[in-house]
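Reviewing the structure listed below.
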Amino acid sequence: METTAIVFEDPGKLQVKRLGLTEPSDFDVVVETMVSGVSTGTEKMLFDGTMPAFPGMRYPLVPGYESVARVVGAGPLSGRKVGETVFIPGASCFEGAAGLFGATANRLVLPGVRTIQISEDFSEDAVLLALAATAHHALIRAESPVDLIIGHGVLGRLMARLACALDQEPPIVTETCPDRMHGADDYDVLDPNDARASKPFDTIIDASGNQDALDPAISQLTKGGTLVLAGFYGDRVSFAFPAAFMREISVLLSAEFKPDDLQAVVDLVDSGRLSLGGLVTHHAAPSDAAKAYRTAFDDPACLKMVIDWRKAA
């Protein structure tokens with residue numbers, strides 16, 4: 001079997017090309033991808049060549065961990081059935097390219113246990129499940145209701161929506177980019193200099209990935225307060241020690257989501273308590289992938305770019 005995949009050949013070099021696929025086992029499913037989301041964090045660093053090295057990282061690579069697909073082949077031990085709609089958090093099934101994270105291709109082979117069945121009713125919005133699970137993981141790591149979220153990108157928006165869905169008090173969200181001040185639902189988005197955003201808070205989550213936001217955040221924490229770092233910081237993270245010392249703060253790192261986070265988010269969506277709507281703002285055909293990735297990375301008005309494999313020539 002072969003697939004058409006988006007491939008980062010080297011930093012800064014993107015191609016859409018044919019790749020061979022590994023043979024499926026009895027535990028695997030074969031899926032045809034409908035849509036794939038573009039990550040503006042991890043994928044941007046992979047594309048720019050700024051991602052810190054880790055095991056399995058090499059070029060060429062197939063990016064992506066936000067795909068929705070339909071099962072077209074199911075091994076007898078896969079736990080899946082042909083025709084099901086599933087979320088794909090990644091795959092490693094290519095000949096001639098690393099699967100890192102490997103979901104941005106029109107056909108994939110992966111273990112059925114790695115897929116999550118979803119309703120076809122929200123198949124496009126379901127590309128956001130990985131980010132929503134990441135947001136859920138950060139809220140759980142906080143161990144107390146979040147008061148302030150820094151950044152009103154997709155991650156910050158999902159974090160605020162999830163806090164409300166989990167019956168927490170609506171948090172305040174701060175944002176410096178005018179293009180991202182809109183779109184709040186049941187919570188307030190404020191400029192960081194607004195008096196309502198400048199008071200002391202017990203728990204702050206940084207969803208911006210901007211380490212310049214850390215010192216101001218620490219200065220706003222109450223004594224014994226908690227700062228959760230939910231973004232990915234490509235450079236060494238540092239902050240002024242005296243303010244953190246005087247407040248005896250806790251700094252928690254929230255890494256990748258766990259299977260329980262993903263299932264919790266799916267359950268919240270299925271129950272109607274969490275909406276993923278209104279966050280996919282841009283679409284592109286695979287043939288326009290190079291332009292689409294640049295838009296996703298550079299245009300602040302682009303919240304979530306989707307590659308629509310149904311538009312493949």
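Residue names in the structure tokens use chain letters A, B, ... in the order shown, residue numbers from 1 in each chain, and ligand numbers from 1 in the order shown.
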
(message) Need the shell around A:Asp270: protein/DNA/RNA residues with any atom at most 12 Å away, counting only C-alpha atoms. Skip same-chain ones fewer than 4 positions apart. Format as a list of chain:residue names?
(response) A:Gln117, A:Ile118, A:Ser119, A:Glu120, A:Asp121, A:Phe122, A:Ala126, A:Gln263, A:Ala264, A:Val265, A:Val266, A:Leu274, A:Ser275, A:Leu276

(message) Show me, as a list in words, the residues that have an atom within 10 Å of A:Ala290 when counting only C-alpha atoms, minus same-chain residues fewer than 2 positions from it.
(response)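 Near neighbours after the sequence-gap exclusion: Ile6, Gly12, Lys13, Leu14, Gln15, Val16, Ala284, Pro286, Ser287, Asp288, Ala292, Tyr293, Arg294 and Thr295 of chain A.
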
(request) Give me the residues within 7 Å of A:Pro111 as a list in words, counting only C-alpha atoms and dropping any in the same chain fewer than 3 places off. (result)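 So the residues in contact are Phe27, Asp28, Val29, Ser78 and Arg114 of chain A.
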
(request) Record the distance separating atom CA of A:Ala230 and atom CA of A:Leu253, expressed in Å with one decimal. (result)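 Between atom CA of A:Ala230 and atom CA of A:Leu253 the gap works out to 6.5 Å.
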
(message) Please determine, counting only C-alpha atoms, which residue among A:Met45, A:Gly112, A:Ser144, A:Ser208 has the shortest atom-to-atom distance to A:Gly156.
(response)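 Smallest distance to A:Gly156 is found for A:Ser208.
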
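With distances taken over only C-alpha atoms, A:Ala301 is the one residue among A:Ala301, A:Ala135, A:Val82, A:Ala98 lying closest to A:Met181.
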
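For the pair atom CA of A:Leu19 and atom CA of A:Gly75, the interatomic distance is 21.8 Å.
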
(request) Please provide the set of residues having any atom within 8 Å of A:Lys17, restricted to only C-alpha atoms, with same-chain residues fewer than 6 positions apart removed, written as a list of chain:residue names. (result)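 Neighbouring residues, sequence-local ones excluded: A:Thr4, A:Ala5, A:Ile6, A:Val7.
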
(message) With distances taken over only C-alpha atoms, which residue among A:Ala53, A:Ala105, A:Thr176, A:Arg80 lies nearest A:Arg310?
(response) A:Ala105

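For the pair atom CA of A:Ser219 and atom CA of A:Leu252, the separation is 16.2 Å.
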
(request) Report as an NGL selection string: the residues of stretch 107-303 of chain A with a DSSP assignment of helix (DSSP H, G or I), based on the backbone of this structure. (result) :A and (112-114 or 120-122 or 125-142 or 154-165 or 178-180 or 195-197 or 211-220 or 241-247 or 259-271 or 286-298)

(request) Might you pull out every residue within 7 Å of stretch 59-67 of chain A, with only C-alpha atoms counted and same-chain residues fewer than 6 positions away left off, and present them as a count of residues only? (result) 27

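Residues in contact with A:Asp125 at up to 8 Å, not including ones fewer than 5 positions away on its chain and judged by only C-alpha atoms, are A:Leu276, A:Gly277, A:Leu279, A:Val280.
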
What does the file look like for those residues with all heavy atoms, as a CSV table (one decimal), in the first residue's frame?
```
chain,number,residue,atom,x,y,z
A,276,LEU,N,-16.5,22.1,20.8
A,276,LEU,CA,-15.3,22.3,20.0
A,276,LEU,C,-15.5,23.2,18.8
A,276,LEU,O,-14.6,23.5,18.0
A,276,LEU,CB,-14.7,21.0,19.5
A,276,LEU,CG,-14.4,19.9,20.6
A,276,LEU,CD1,-13.9,18.7,19.9
A,276,LEU,CD2,-13.3,20.5,21.6
A,277,GLY,N,-16.7,23.8,18.7
A,277,GLY,CA,-17.1,24.6,17.6
A,277,GLY,C,-16.4,26.0,17.5
A,277,GLY,O,-16.0,26.5,18.6
A,279,LEU,N,-13.6,27.0,16.3
A,279,LEU,CA,-12.2,27.2,16.4
A,279,LEU,C,-11.4,26.8,15.2
A,279,LEU,O,-10.3,27.3,15.0
A,279,LEU,CB,-11.7,26.3,17.6
A,279,LEU,CG,-12.3,26.7,19.0
A,279,LEU,CD1,-11.7,25.7,20.0
A,279,LEU,CD2,-12.0,28.1,19.3
A,280,VAL,N,-12.0,26.1,14.3
A,280,VAL,CA,-11.4,25.8,13.0
A,280,VAL,C,-11.8,27.0,12.1
A,280,VAL,O,-12.9,27.2,11.7
A,280,VAL,CB,-12.0,24.5,12.3
A,280,VAL,CG1,-11.4,24.4,10.9
A,280,VAL,CG2,-11.6,23.3,13.2
```

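Of the residues listed (A:Gly231, A:Pro24, A:Gly41, A:Pro55), A:Pro24 shows the shortest atom-to-atom separation from A:Leu77; distances use only C-alpha atoms.
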
(message) Taking only stretch 126-303 of chain A into account, list the residues labelled strand (DSSP E) by DSSP (computed from the backbone), as number ranges by chain.
(response) A: 148-150, 172-174, 188-190, 201-206, 221-229, 250-253, 282-284

(request) Would you mind listing what lies within 10 Å of A:Asp179 as a ChimeraX atom specification, with only C-alpha atoms counted and same-chain residues fewer than 3 positions away left out? (result) /A:152-153,175-176,182,299-303
